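The data block below is start-v3.txt; it holds compact mmCIF, C-alpha atoms.
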```txt
# COMPACT_ATOMS: atom_id res chain seq x y z
CA MET A 1 -5.62 -13.79 -23.61
CA LYS A 2 -5.24 -17.26 -22.17
CA ILE A 3 -5.66 -17.44 -18.38
CA TYR A 4 -3.58 -20.55 -17.87
CA THR A 5 -0.30 -21.29 -19.61
CA LYS A 6 0.83 -24.32 -17.57
CA PHE A 7 4.33 -22.81 -17.56
CA GLY A 8 4.17 -22.15 -13.83
CA ASP A 9 3.33 -25.78 -13.06
CA GLY A 10 7.04 -26.47 -12.69
CA GLY A 11 7.55 -23.68 -10.15
CA GLN A 12 9.03 -21.19 -12.60
CA THR A 13 7.81 -17.83 -13.87
CA TYR A 14 9.08 -14.98 -15.99
CA LEU A 15 9.78 -11.53 -14.64
CA ALA A 16 8.61 -8.56 -16.71
CA SER A 17 12.22 -8.23 -17.89
CA GLY A 18 11.96 -11.67 -19.52
CA ILE A 19 14.22 -13.40 -17.00
CA LYS A 20 13.09 -16.88 -15.95
CA VAL A 21 13.07 -17.32 -12.16
CA SER A 22 11.76 -19.63 -9.49
CA LYS A 23 8.45 -18.63 -7.92
CA THR A 24 10.41 -18.37 -4.67
CA ASP A 25 12.53 -15.53 -6.09
CA ARG A 26 12.46 -12.39 -3.91
CA ARG A 27 11.16 -10.34 -6.85
CA VAL A 28 8.13 -12.63 -7.08
CA ASP A 29 7.55 -12.13 -3.35
CA LEU A 30 7.74 -8.37 -3.80
CA TYR A 31 5.25 -8.06 -6.62
CA GLY A 32 3.06 -10.70 -4.96
CA SER A 33 2.90 -8.59 -1.80
CA CYS A 34 2.15 -5.52 -3.89
CA ASP A 35 -0.75 -7.42 -5.49
CA GLU A 36 -1.94 -8.48 -2.03
CA LEU A 37 -1.85 -4.84 -0.92
CA ASN A 38 -3.76 -3.77 -4.02
CA SER A 39 -6.38 -6.48 -3.48
CA THR A 40 -6.84 -5.50 0.15
CA ILE A 41 -7.46 -1.87 -0.82
CA GLY A 42 -10.01 -3.21 -3.32
CA LEU A 43 -11.70 -5.10 -0.49
CA ALA A 44 -11.80 -1.93 1.63
CA LEU A 45 -13.39 -0.05 -1.27
CA SER A 46 -16.02 -2.79 -1.67
CA PHE A 47 -17.20 -2.05 1.87
CA THR A 48 -17.88 1.60 0.97
CA LYS A 49 -20.64 0.84 -1.56
CA ASP A 50 -23.62 1.47 0.72
CA LEU A 51 -22.00 4.17 2.82
CA SER A 52 -21.59 7.88 2.31
CA PHE A 53 -17.92 8.73 1.92
CA ASP A 54 -16.08 11.80 0.72
CA PRO A 55 -15.76 11.24 -3.08
CA PRO A 56 -12.17 12.63 -3.22
CA PHE A 57 -11.21 10.10 -0.53
CA LEU A 58 -12.63 7.19 -2.55
CA ASN A 59 -11.10 8.47 -5.79
CA TYR A 60 -7.72 8.80 -4.11
CA LEU A 61 -7.85 5.18 -2.93
CA LYS A 62 -8.83 4.04 -6.43
CA GLY A 63 -5.90 6.02 -7.83
CA ILE A 64 -3.56 4.26 -5.41
CA GLN A 65 -4.85 0.93 -6.68
CA SER A 66 -4.01 1.82 -10.27
CA PHE A 67 -0.60 3.11 -9.25
CA LEU A 68 0.14 -0.06 -7.26
CA PHE A 69 -0.40 -2.01 -10.49
CA GLU A 70 2.42 0.02 -12.06
CA ILE A 71 4.60 -0.42 -8.98
CA GLY A 72 3.98 -4.17 -9.09
CA SER A 73 5.16 -4.20 -12.71
CA GLU A 74 8.32 -2.37 -11.70
CA LEU A 75 8.91 -4.81 -8.84
CA ALA A 76 8.53 -7.60 -11.41
CA GLY A 77 11.42 -6.13 -13.39
CA TYR A 78 9.69 -3.76 -15.80
CA VAL A 79 11.83 -0.68 -16.38
CA PRO A 80 9.83 2.35 -17.54
CA LYS A 81 11.33 3.64 -20.78
CA ASP A 82 9.96 7.17 -20.48
CA SER A 83 11.34 7.79 -16.99
CA LYS A 84 14.66 9.53 -16.51
CA GLU A 85 14.76 8.19 -12.96
CA GLY A 86 14.24 4.51 -13.81
CA THR A 87 11.10 4.25 -11.69
CA VAL A 88 7.40 4.88 -12.09
CA VAL A 89 7.44 6.71 -8.75
CA LEU A 90 8.00 10.44 -8.89
CA ARG A 91 8.77 12.70 -5.96
CA SER A 92 5.41 14.32 -6.69
CA ASP A 93 3.74 10.98 -5.90
CA VAL A 94 5.22 11.07 -2.40
CA GLU A 95 4.23 14.72 -2.04
CA SER A 96 0.70 13.85 -3.15
CA LEU A 97 0.43 11.27 -0.36
CA GLU A 98 1.68 13.82 2.15
CA LYS A 99 -0.88 16.39 0.98
CA GLU A 100 -3.69 13.85 1.21
CA ILE A 101 -2.57 12.82 4.70
CA ASP A 102 -2.61 16.49 5.72
CA ARG A 103 -6.07 16.99 4.16
CA LEU A 104 -7.55 14.05 6.07
CA MET A 105 -5.81 14.99 9.32
CA GLU A 106 -7.45 18.44 9.25
CA VAL A 107 -10.80 16.89 10.19
CA LEU A 108 -9.62 14.05 12.44
CA PRO A 109 -9.41 14.39 16.20
CA GLU A 110 -5.90 14.60 17.60
CA ILE A 111 -4.37 11.28 18.62
CA LYS A 112 -3.58 11.29 22.32
CA PHE A 113 -3.29 7.53 22.80
CA PHE A 114 -2.37 4.49 20.78
CA ILE A 115 -5.35 3.18 18.85
CA LEU A 116 -6.09 -0.41 17.99
CA PRO A 117 -6.80 -1.46 14.42
CA GLY A 118 -10.50 -1.99 13.92
CA GLY A 119 -13.81 -0.23 13.85
CA SER A 120 -15.73 -0.43 10.61
CA SER A 121 -15.13 -3.03 7.91
CA VAL A 122 -13.62 -0.30 5.73
CA ALA A 123 -11.22 0.89 8.44
CA SER A 124 -10.28 -2.61 9.55
CA THR A 125 -9.43 -3.57 5.98
CA LEU A 126 -7.38 -0.40 5.51
CA HIS A 127 -5.45 -1.33 8.66
CA ILE A 128 -4.73 -4.74 7.13
CA ALA A 129 -3.58 -2.95 3.96
CA ARG A 130 -1.28 -0.80 6.13
CA THR A 131 0.35 -3.88 7.66
CA ILE A 132 0.80 -5.49 4.22
CA CYS A 133 2.39 -2.25 3.00
CA ARG A 134 4.79 -2.28 5.98
CA ARG A 135 5.70 -5.91 5.21
CA LEU A 136 6.30 -5.04 1.57
CA GLU A 137 8.57 -2.20 2.66
CA ARG A 138 10.54 -4.52 4.98
CA ASP A 139 10.86 -7.17 2.26
CA LEU A 140 12.00 -4.50 -0.16
CA LEU A 141 14.75 -3.50 2.27
CA VAL A 142 15.86 -7.13 2.63
CA TYR A 143 16.03 -7.35 -1.16
CA ILE A 144 18.09 -4.15 -1.37
CA GLU A 145 20.40 -5.19 1.46
CA SER A 146 21.06 -8.50 -0.32
CA GLY A 147 22.24 -6.63 -3.43
CA GLY A 148 19.00 -6.08 -5.32
CA GLU A 149 18.40 -2.77 -7.02
CA ILE A 150 15.22 -0.82 -6.34
CA HIS A 151 14.93 2.92 -6.76
CA SER A 152 14.87 4.74 -3.42
CA ASP A 153 11.80 6.77 -4.42
CA LEU A 154 9.78 3.55 -4.61
CA ARG A 155 10.84 2.64 -1.07
CA ILE A 156 10.00 6.14 0.17
CA TYR A 157 6.60 5.98 -1.53
CA LEU A 158 5.76 2.70 0.23
CA ASN A 159 6.81 4.16 3.56
CA ARG A 160 4.55 7.14 3.06
CA LEU A 161 1.74 4.94 1.72
CA SER A 162 1.63 2.99 4.98
CA ASP A 163 1.32 6.30 6.85
CA TYR A 164 -1.49 7.28 4.51
CA LEU A 165 -3.31 3.97 5.04
CA PHE A 166 -3.21 4.50 8.83
CA VAL A 167 -4.78 7.94 8.42
CA ALA A 168 -7.24 6.60 5.81
CA ALA A 169 -8.42 3.95 8.29
CA ARG A 170 -8.97 6.63 10.93
CA PHE A 171 -10.76 8.81 8.38
CA ALA A 172 -13.03 5.91 7.38
CA ASN A 173 -14.10 5.36 10.99
CA PHE A 174 -14.57 9.08 11.54
CA SER A 175 -16.61 9.46 8.35
CA ILE A 176 -19.23 6.96 9.44
CA GLY A 177 -19.20 7.84 13.12
CA ASN A 178 -17.30 4.80 14.43
CA GLU A 179 -15.21 5.53 17.48
CA GLU A 180 -11.66 4.29 17.51
CA THR A 181 -10.63 1.75 20.10
CA ILE A 182 -8.02 3.14 22.46
CA TRP A 183 -5.31 0.76 23.57
CA LYS A 184 -5.39 0.13 27.32
CA SER A 185 -2.40 -1.33 29.06
CA ARG A 186 -3.06 -4.39 31.23
CA THR A 187 -0.55 -3.09 33.77
CA LYS A 188 -2.09 0.34 34.38
```

If you took the structure in this file and wrote it as structure tokens, what would it be?
Amino acid sequence: MKIYTKFGDGGQTYLASGIKVSKTDRRVDLYGSCDELNSTIGLALSFTKDLSFDPPFLNYLKGIQSFLFEIGSELAGYVPKDSKEGTVVLRSDVESLEKEIDRLMEVLPEIKFFILPGGSSVASTLHIARTICRRLERDLLVYIESGGEIHSDLRIYLNRLSDYLFVAARFANFSIGNEETIWKSRTK
């Protein structure tokens, strides 16, 4: 497979559907943000190499990475042929995120205050992933509101994924004994 084609030198690219578009097309932004999210989760995972983490937690994050590759393809215009729904996202994918959030929350201390993003390198990177996921969700809504078609289950999955990434960041700090930073108002 050739890495460079020179086709994009003119500012054009092809969507997975075969349609030629400008690199400024909203679809390109969407799958680009999905790739950014995926890469950021990969960075977070790279920080876990020398630390002791719950293997199911790490495997779940790796599974999300693989799934984001499929979601990115869908955002690029690929329509799954074997899906009755027209999306790679199943309701069970959203339910899986909810179950994993619940599993992680069982061991985490209750949140009584707002917490600031940060702590360990793993947690900080997962917080960045969370904000990228939120941006992707907002951009997806802009695309939909401007007439673009995206399956609602994909949007719901991204919403739940950002919730998961918040909990995953907290779990990462908790797992290695890093305390979370509590937000303190300047006016109190």

Which polymer residues, whether protein, DNA or RNA, lie within 10 Å of the coordinate (4.5, -8.5, -8.9) when you count only C-alpha atoms? List them as a PDB file with C-alpha atoms, in the frame of the given file, using the chain letters and numbers from the file.
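File produced: result-v8.pdb:
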```pdb
ATOM      1  CA  LEU A  15       9.780 -11.530 -14.640  1.00  0.00           C
ATOM      2  CA  ALA A  16       8.610  -8.560 -16.710  1.00  0.00           C
ATOM      3  CA  ARG A  27      11.160 -10.340  -6.850  1.00  0.00           C
ATOM      4  CA  VAL A  28       8.130 -12.630  -7.080  1.00  0.00           C
ATOM      5  CA  ASP A  29       7.550 -12.130  -3.350  1.00  0.00           C
ATOM      6  CA  LEU A  30       7.740  -8.370  -3.800  1.00  0.00           C
ATOM      7  CA  TYR A  31       5.250  -8.060  -6.620  1.00  0.00           C
ATOM      8  CA  GLY A  32       3.060 -10.700  -4.960  1.00  0.00           C
ATOM      9  CA  SER A  33       2.900  -8.590  -1.800  1.00  0.00           C
ATOM     10  CA  CYS A  34       2.150  -5.520  -3.890  1.00  0.00           C
ATOM     11  CA  ASP A  35      -0.750  -7.420  -5.490  1.00  0.00           C
ATOM     12  CA  GLU A  36      -1.940  -8.480  -2.030  1.00  0.00           C
ATOM     13  CA  LEU A  68       0.140  -0.060  -7.260  1.00  0.00           C
ATOM     14  CA  PHE A  69      -0.400  -2.010 -10.490  1.00  0.00           C
ATOM     15  CA  GLU A  70       2.420   0.020 -12.060  1.00  0.00           C
ATOM     16  CA  ILE A  71       4.600  -0.420  -8.980  1.00  0.00           C
ATOM     17  CA  GLY A  72       3.980  -4.170  -9.090  1.00  0.00           C
ATOM     18  CA  SER A  73       5.160  -4.200 -12.710  1.00  0.00           C
ATOM     19  CA  GLU A  74       8.320  -2.370 -11.700  1.00  0.00           C
ATOM     20  CA  LEU A  75       8.910  -4.810  -8.840  1.00  0.00           C
ATOM     21  CA  ALA A  76       8.530  -7.600 -11.410  1.00  0.00           C
ATOM     22  CA  GLY A  77      11.420  -6.130 -13.390  1.00  0.00           C
ATOM     23  CA  TYR A  78       9.690  -3.760 -15.800  1.00  0.00           C
TER      24      TYR A  78
END
```

Using all atoms listed in the file, which of A:Ser92, A:Ser66, A:Thr131, A:Asn173 sits nearest Ser52 (chain A)?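 So, comparing all the options, the nearest one is A:Asn173.
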
Around all listed atoms of region 136-151 of chain A, padded 8 Å per side, what centre and edge lengths does the axis-aligned box have in Å to one decimal, as AutoDock Vina command-line options?
```
--center_x 14.3 --center_y -2.8 --center_z -1.0 --size_x 31.9 --size_y 27.4 --size_z 28.0
```

Calculated over all atoms listed in the file, which of the candidates A:Ala123, A:Tyr4, A:Asp25, A:Gly18 has the smallest distance to Gly148 (chain A)? A:Asp25

From the options A:Asn38, A:Ser120, A:Gln12, A:Thr187, which residue's atoms come nearest to Ile64 (chain A), counting all atoms listed in the file? A:Asn38

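Our summary of the geometry notes that CA of Thr181 (chain A) is positioned 9.7 Å from CA of Phe113 (chain A).
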
Can you tell me which residues surround region 140-144 of chain A at a distance of at most 9 Å, considering only C-alpha atoms, apart from same-chain residues fewer than 5 positions away, and format the answer as a ChimeraX atom specification? /A:26-27,30,135,149-150,155

So what do you get for CA of Gly11 (chain A) versus CA of Gly147 (chain A), distance-wise? 23.5 Å

Can you tell me which residues surround Phe174 (chain A) at a distance of at most 9 Å, considering all atoms listed in the file, apart from same-chain residues fewer than 5 positions away, and format the answer as a list of chain:residue names? A:Val107, A:Leu108, A:Pro109, A:Ala169, A:Glu179, A:Glu180

Counting only C-alpha atoms, which residue out of A:Leu51, A:Ala44, A:Val79, A:Val88 sits closest to Asp153 (chain A)?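 Ranking A:Leu51, A:Ala44, A:Val79, A:Val88 by distance to Asp153 (chain A), first place goes to A:Val88.
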
Please list as an mmCIF file with C-alpha atoms, in the coordinates of the input every residue within 12 Å of Leu45 (chain A), counting only C-alpha atoms and excluding residues in the same chain fewer than 3 positions away.
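result31.cif was written with the following content:
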```cif
data_model
loop_
_atom_site.group_PDB
_atom_site.id
_atom_site.type_symbol
_atom_site.label_atom_id
_atom_site.label_comp_id
_atom_site.auth_asym_id
_atom_site.auth_seq_id
_atom_site.Cartn_x
_atom_site.Cartn_y
_atom_site.Cartn_z
ATOM 1 C CA ASN A 38 -3.760 -3.770 -4.020
ATOM 2 C CA SER A 39 -6.380 -6.480 -3.480
ATOM 3 C CA THR A 40 -6.840 -5.500 0.150
ATOM 4 C CA ILE A 41 -7.460 -1.870 -0.820
ATOM 5 C CA GLY A 42 -10.010 -3.210 -3.320
ATOM 6 C CA THR A 48 -17.880 1.600 0.970
ATOM 7 C CA LYS A 49 -20.640 0.840 -1.560
ATOM 8 C CA ASP A 50 -23.620 1.470 0.720
ATOM 9 C CA LEU A 51 -22.000 4.170 2.820
ATOM 10 C CA SER A 52 -21.590 7.880 2.310
ATOM 11 C CA PHE A 53 -17.920 8.730 1.920
ATOM 12 C CA PRO A 55 -15.760 11.240 -3.080
ATOM 13 C CA PHE A 57 -11.210 10.100 -0.530
ATOM 14 C CA LEU A 58 -12.630 7.190 -2.550
ATOM 15 C CA ASN A 59 -11.100 8.470 -5.790
ATOM 16 C CA TYR A 60 -7.720 8.800 -4.110
ATOM 17 C CA LEU A 61 -7.850 5.180 -2.930
ATOM 18 C CA LYS A 62 -8.830 4.040 -6.430
ATOM 19 C CA GLY A 63 -5.900 6.020 -7.830
ATOM 20 C CA ILE A 64 -3.560 4.260 -5.410
ATOM 21 C CA GLN A 65 -4.850 0.930 -6.680
ATOM 22 C CA SER A 121 -15.130 -3.030 7.910
ATOM 23 C CA VAL A 122 -13.620 -0.300 5.730
ATOM 24 C CA ALA A 123 -11.220 0.890 8.440
ATOM 25 C CA SER A 124 -10.280 -2.610 9.550
ATOM 26 C CA THR A 125 -9.430 -3.570 5.980
ATOM 27 C CA LEU A 126 -7.380 -0.400 5.510
ATOM 28 C CA ALA A 129 -3.580 -2.950 3.960
ATOM 29 C CA ALA A 168 -7.240 6.600 5.810
ATOM 30 C CA ALA A 169 -8.420 3.950 8.290
ATOM 31 C CA ALA A 172 -13.030 5.910 7.380
#
```

Within 7 Å of Ser162 (chain A), counting all atoms listed in the file, which residues show up once you throw out same-chain ones fewer than 3 positions away? Write them as a list of chain:residue names, please.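 Once the nearby chain positions are removed, what remains is A:Arg130, A:Cys133, A:Arg134, A:Leu158, A:Asn159, A:Leu165, A:Phe166.
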
Please write the residues from the selection above to a file, keeping C-alpha atoms, as a PDB file, keeping the file's coordinate frame.
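The result, stored in part.pdb:
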```pdb
ATOM      1  CA  ARG A 130      -1.280  -0.800   6.130  1.00  0.00           C
ATOM      2  CA  CYS A 133       2.390  -2.250   3.000  1.00  0.00           C
ATOM      3  CA  ARG A 134       4.790  -2.280   5.980  1.00  0.00           C
ATOM      4  CA  LEU A 158       5.760   2.700   0.230  1.00  0.00           C
ATOM      5  CA  ASN A 159       6.810   4.160   3.560  1.00  0.00           C
ATOM      6  CA  LEU A 165      -3.310   3.970   5.040  1.00  0.00           C
ATOM      7  CA  PHE A 166      -3.210   4.500   8.830  1.00  0.00           C
TER       8      PHE A 166
END
```

Contacts of Met105 (chain A) within 10 Å, all atoms listed in the file, excl. fewer than 3 positions in-chain, as a compact mmCIF listing (two decimals) with C-alpha atoms, in the coordinates of the input:
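Okay, this is what ended up in part29.txt:
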```txt
# COMPACT_ATOMS: atom_id res chain seq x y z
CA LYS A 99 -0.88 16.39 0.98
CA GLU A 100 -3.69 13.85 1.21
CA ILE A 101 -2.57 12.82 4.70
CA ASP A 102 -2.61 16.49 5.72
CA LEU A 108 -9.62 14.05 12.44
CA PRO A 109 -9.41 14.39 16.20
CA GLU A 110 -5.90 14.60 17.60
CA VAL A 167 -4.78 7.94 8.42
CA ALA A 168 -7.24 6.60 5.81
CA ARG A 170 -8.97 6.63 10.93
CA PHE A 171 -10.76 8.81 8.38
```

Which residue out of A:Glu145, A:Gly8, A:Ser96, A:Leu37 has the minimum interatomic distance to Thr24 (chain A) when only C-alpha atoms are used?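 Answer, going by the shortest atom-to-atom distance: A:Gly8.
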